[in-house]
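See below for the structure under consideration.
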Amino acid sequence: MFALVDGNNFYASCEQVFQPQLRKTPLVVLSNNDGCAIARCAQAKALGIRMGQPAHELKDYISRFGLKMRSANFTLYGDMSDRVVSILRTFTPRLEVYSIDESFLDLSGVSNRLELAQDIRYTVNQWTGIPCCVGIGPTKTLAKLANKWAKKHGGVIDASDRGLRAEIMAQFPVEDLWGVGRKWAAKLEGMGIETAQALVEADPALILQHFGVVMARTQKELQGKPCIALEEAEPDRKQIIVSRSFGQRIEDPGLVGEAAATFATRACEKLRQRGLVASGVWVFAQTDGFRLDLPQHYPSRAVALPQATGDTRLVLEAVRGLLRGMLRKVINCIDSK
DNA sequence: TCTGGGGTCCTAGGACCC
DNA sequence: TCTGGGGTCCTAGGACCC
């Protein structure tokens, strides 16, 4: 049995904890470069502000609705996340930190689950100021479903109760399921499968054939058969990426090189922090995909290092080598147009 | 008409997650 | 003028090997 504890509007809630004047107004947290909204408080959501909506489209909301915008402070959110997790650990040591604002708890053997969930919710909020919701289910996918439902239905849902679960699943859109994104939701709906309940009842062979093993697993999990285990230890990263969009259009390849060197340096820091070494280096660049009127380029190059390393100098050397071939090609391509 | 049959590795692309 | 930054896994196809 699993519980999923999820901080509500996590980044926005973190800002509100430290800036009480933000608690009564619509608030969005912006991405790097202040480009777009990556978190919205409840009031901002109620205004119809979308996840990922460009900041420049929100200017109007400032004067019309008193919208506040804040640049993201990921260090702060990381610290708050650690505090929440340490509180959760006082309830059970069997815990998986799934993301910065979500943890799965193993509730096997717990009989008074609903009571425990209420207690967790109350304690996290009292000690950190972060509001959260708790969903309970016999599989991780069902705990996710319960958690999503809890957000609009009282903050805590125990979907291990079969009656309640059936009631929720009959109304639960497939597009809101964990493991079903936009593309697959559209395809499922095209096949007449619109709710979690409909997916549970669909022919497993058909699901496997049209969507593959991942969706087949989701279907089983929805049936209450666990396929995804709790991962208490965080696995080592297989790749570490540092990338940024440029705030404005740039034409000087030298700037791309400088940026790549900065990102590679940062990536090596992250690598060493985790006690890892890199066996290869990958560099990519992209032209502005929003400029539909211009030709697009997505050059990338990868190279295996002769010996795995965390040494910034060696990685930088590799990056420079990759960039030489990569950018020359793009520049020639642009020049020939 | 019929073209061997596997295995492994690599890459690219597509789907998903937060 | 202005549109994020990370990650994972799966699949298909080609190269290469025996």
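Just remember, in the structure tokens the first chain shown is A, the second B, etc., residues are 1-based per chain, and ligands are 1-based in the order shown.
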
Residues of chain C within 9 Å of chain A, counting only C-alpha atoms (C1' of nucleotides) - could you list those as a ChimeraX atom specification?
/C:1-7,9-10

Using backbone DSSP assignments, extract all alpha helix (DSSP H) residues from range 198-322 of chain A; output them as a PyMOL selection string.
chain A and resi 198-201+204-211+213-222+253-273+312-322

As an MDAnalysis selection string, list the residues of range 85-313 of chain A assigned to strand (DSSP E) by DSSP on the backbone atoms of this structure.
chainID A and resid 95:99 102:106 132:137 156:158 278:284 300:309

Got time to write the residues from that selection, N, CA and C atoms, as a CSV table (one decimal), in the first residue's frame?
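Just written: selection-v1.csv:
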```
chain,number,residue,atom,x,y,z
A,95,LEU,N,10.5,5.3,2.2
A,95,LEU,CA,10.0,6.4,1.5
A,95,LEU,C,10.8,6.6,0.2
A,96,GLU,N,10.2,7.0,-0.9
A,96,GLU,CA,10.9,7.4,-2.1
A,96,GLU,C,10.6,8.8,-2.4
A,97,VAL,N,11.7,9.6,-2.5
A,97,VAL,CA,11.6,11.0,-2.9
A,97,VAL,C,11.5,11.0,-4.5
A,98,TYR,N,10.2,11.2,-4.9
A,98,TYR,CA,10.0,11.0,-6.4
A,98,TYR,C,10.3,12.3,-7.2
A,99,SER,N,10.1,13.5,-6.6
A,99,SER,CA,10.5,14.7,-7.3
A,99,SER,C,10.6,15.8,-6.2
A,102,GLU,N,7.2,15.7,-4.4
A,102,GLU,CA,6.4,14.5,-4.2
A,102,GLU,C,7.2,13.4,-3.6
A,103,SER,N,6.6,12.7,-2.7
A,103,SER,CA,7.2,11.5,-2.1
A,103,SER,C,6.2,10.4,-2.0
A,104,PHE,N,6.6,9.2,-2.4
A,104,PHE,CA,5.8,8.0,-2.1
A,104,PHE,C,6.2,7.4,-0.8
A,105,LEU,N,5.2,7.0,0.0
A,105,LEU,CA,5.5,6.4,1.3
A,105,LEU,C,4.9,4.9,1.2
A,106,ASP,N,5.6,4.0,1.8
A,106,ASP,CA,5.1,2.6,1.9
A,106,ASP,C,4.3,2.5,3.2
A,132,CYS,N,-0.2,20.5,1.5
A,132,CYS,CA,-0.1,19.3,0.7
A,132,CYS,C,-1.3,18.4,0.7
A,133,CYS,N,-1.3,17.5,-0.3
A,133,CYS,CA,-2.4,16.6,-0.4
A,133,CYS,C,-1.9,15.1,-0.3
A,134,VAL,N,-2.7,14.2,0.1
A,134,VAL,CA,-2.2,12.8,0.3
A,134,VAL,C,-3.2,11.9,-0.4
A,135,GLY,N,-2.7,11.0,-1.3
A,135,GLY,CA,-3.5,10.0,-2.0
A,135,GLY,C,-3.0,8.6,-1.6
A,136,ILE,N,-3.9,7.7,-1.3
A,136,ILE,CA,-3.5,6.4,-0.9
A,136,ILE,C,-4.1,5.4,-1.9
A,137,GLY,N,-3.3,4.3,-2.2
A,137,GLY,CA,-3.8,3.3,-3.1
A,137,GLY,C,-2.8,2.1,-3.0
A,156,VAL,N,-7.3,14.6,1.2
A,156,VAL,CA,-6.9,13.3,1.5
A,156,VAL,C,-7.9,12.3,0.9
A,157,ILE,N,-7.4,11.3,0.1
A,157,ILE,CA,-8.3,10.3,-0.4
A,157,ILE,C,-7.6,8.9,-0.3
A,158,ASP,N,-8.4,8.0,0.2
A,158,ASP,CA,-7.9,6.6,0.3
A,158,ASP,C,-8.6,5.8,-0.7
A,278,ALA,N,32.2,11.1,-16.0
A,278,ALA,CA,31.5,11.1,-17.3
A,278,ALA,C,32.3,10.2,-18.2
A,279,SER,N,31.6,9.3,-18.9
A,279,SER,CA,32.3,8.5,-19.9
A,279,SER,C,32.2,9.1,-21.3
A,280,GLY,N,31.4,10.2,-21.4
A,280,GLY,CA,31.2,10.8,-22.7
A,280,GLY,C,30.7,12.2,-22.6
A,281,VAL,N,30.7,12.9,-23.6
A,281,VAL,CA,30.2,14.3,-23.6
A,281,VAL,C,29.3,14.5,-24.8
A,282,TRP,N,28.3,15.3,-24.6
A,282,TRP,CA,27.3,15.5,-25.7
A,282,TRP,C,27.0,17.0,-25.7
A,283,VAL,N,27.1,17.6,-26.9
A,283,VAL,CA,26.8,19.0,-27.0
A,283,VAL,C,25.6,19.2,-28.0
A,284,PHE,N,24.7,20.0,-27.7
A,284,PHE,CA,23.6,20.2,-28.7
A,284,PHE,C,23.2,21.7,-28.7
A,300,SER,N,24.0,18.5,-33.2
A,300,SER,CA,24.5,17.9,-32.0
A,300,SER,C,25.7,17.0,-32.3
A,301,ARG,N,26.5,16.9,-31.3
A,301,ARG,CA,27.7,16.0,-31.5
A,301,ARG,C,28.0,15.3,-30.1
A,302,ALA,N,28.4,14.1,-30.2
A,302,ALA,CA,28.8,13.4,-29.0
A,302,ALA,C,30.1,12.7,-29.2
A,303,VAL,N,30.8,12.5,-28.1
A,303,VAL,CA,32.1,11.8,-28.2
A,303,VAL,C,32.3,11.0,-26.9
A,304,ALA,N,32.9,9.9,-27.0
A,304,ALA,CA,33.3,9.1,-25.8
A,304,ALA,C,34.6,9.6,-25.3
A,305,LEU,N,34.8,9.8,-24.0
A,305,LEU,CA,36.0,10.2,-23.5
A,305,LEU,C,37.0,9.0,-23.4
A,306,PRO,N,38.3,9.2,-23.6
A,306,PRO,CA,39.2,8.1,-23.6
A,306,PRO,C,39.2,7.4,-22.2
A,307,GLN,N,38.9,8.2,-21.2
A,307,GLN,CA,38.8,7.6,-19.9
A,307,GLN,C,37.8,8.4,-19.1
A,308,ALA,N,36.9,7.8,-18.4
A,308,ALA,CA,35.8,8.5,-17.7
A,308,ALA,C,36.5,9.4,-16.7
A,309,THR,N,35.9,10.6,-16.6
A,309,THR,CA,36.5,11.7,-15.8
A,309,THR,C,35.5,12.7,-15.2
```

In Å, how far is it from CA of Leu222 in chain A to CA of Ala166 in chain A?
10.6 Å

Give the answer as one residue: which of A:Lys187, A:Arg182, A:Arg121, A:Arg324 has the shortest atom-to-atom distance to Val256 in chain A, using only C-alpha atoms?
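Looking at the shortest contact to Val256 in chain A, the residue is A:Arg324.
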
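With distances restricted to only C-alpha atoms, A:Ala267 is the closest residue to Thr312 in chain A from A:Ala159, A:Ala202, A:Ile207, A:Ala267.
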
Env of DG13 in chain B: 12 Å cut, atoms = only C-alpha atoms (C1' of nucleotides), seq-sep filter 3 positions within chain, self excluded. Answer as a PyMOL selection string.
chain C and resi 10-13

Can you write just those residues out, N, CA, C and O atoms (P, O5', C5', C4', C3', O3' and C1' of nucleotides), as a compact mmCIF listing (two decimals), in the first residue's frame?
```
# COMPACT_ATOMS: atom_id res chain seq x y z
P DC C 10 11.80 0.25 -20.28
O5' DC C 10 11.25 0.57 -21.74
C5' DC C 10 9.91 1.01 -21.89
C4' DC C 10 9.66 1.25 -23.36
C3' DC C 10 10.09 0.08 -24.26
O3' DC C 10 8.99 -0.29 -25.05
C1' DC C 10 11.03 2.13 -25.04
P DT C 11 9.10 -1.54 -26.04
O5' DT C 11 9.42 -0.83 -27.44
C5' DT C 11 8.65 0.27 -27.84
C4' DT C 11 9.11 0.72 -29.22
C3' DT C 11 9.52 -0.44 -30.12
O3' DT C 11 8.94 -0.23 -31.38
C1' DT C 11 11.28 1.13 -29.96
P DA C 12 8.94 -1.41 -32.46
O5' DA C 12 9.63 -0.71 -33.72
C5' DA C 12 9.50 0.70 -33.89
C4' DA C 12 10.58 1.16 -34.84
C3' DA C 12 11.02 0.09 -35.84
O3' DA C 12 11.15 0.69 -37.11
C1' DA C 12 12.90 0.83 -34.59
P DG C 13 11.40 -0.25 -38.41
O5' DG C 13 12.86 0.19 -38.84
C5' DG C 13 13.23 1.57 -38.79
C4' DG C 13 14.73 1.67 -38.95
C3' DG C 13 15.32 0.60 -39.88
O3' DG C 13 16.30 1.21 -40.70
C1' DG C 13 16.39 0.49 -37.80
```

Can you work out the spacing between CA of Gln286 in chain A and CA of Tyr77 in chain A in Å, to one decimal?
28.7 Å
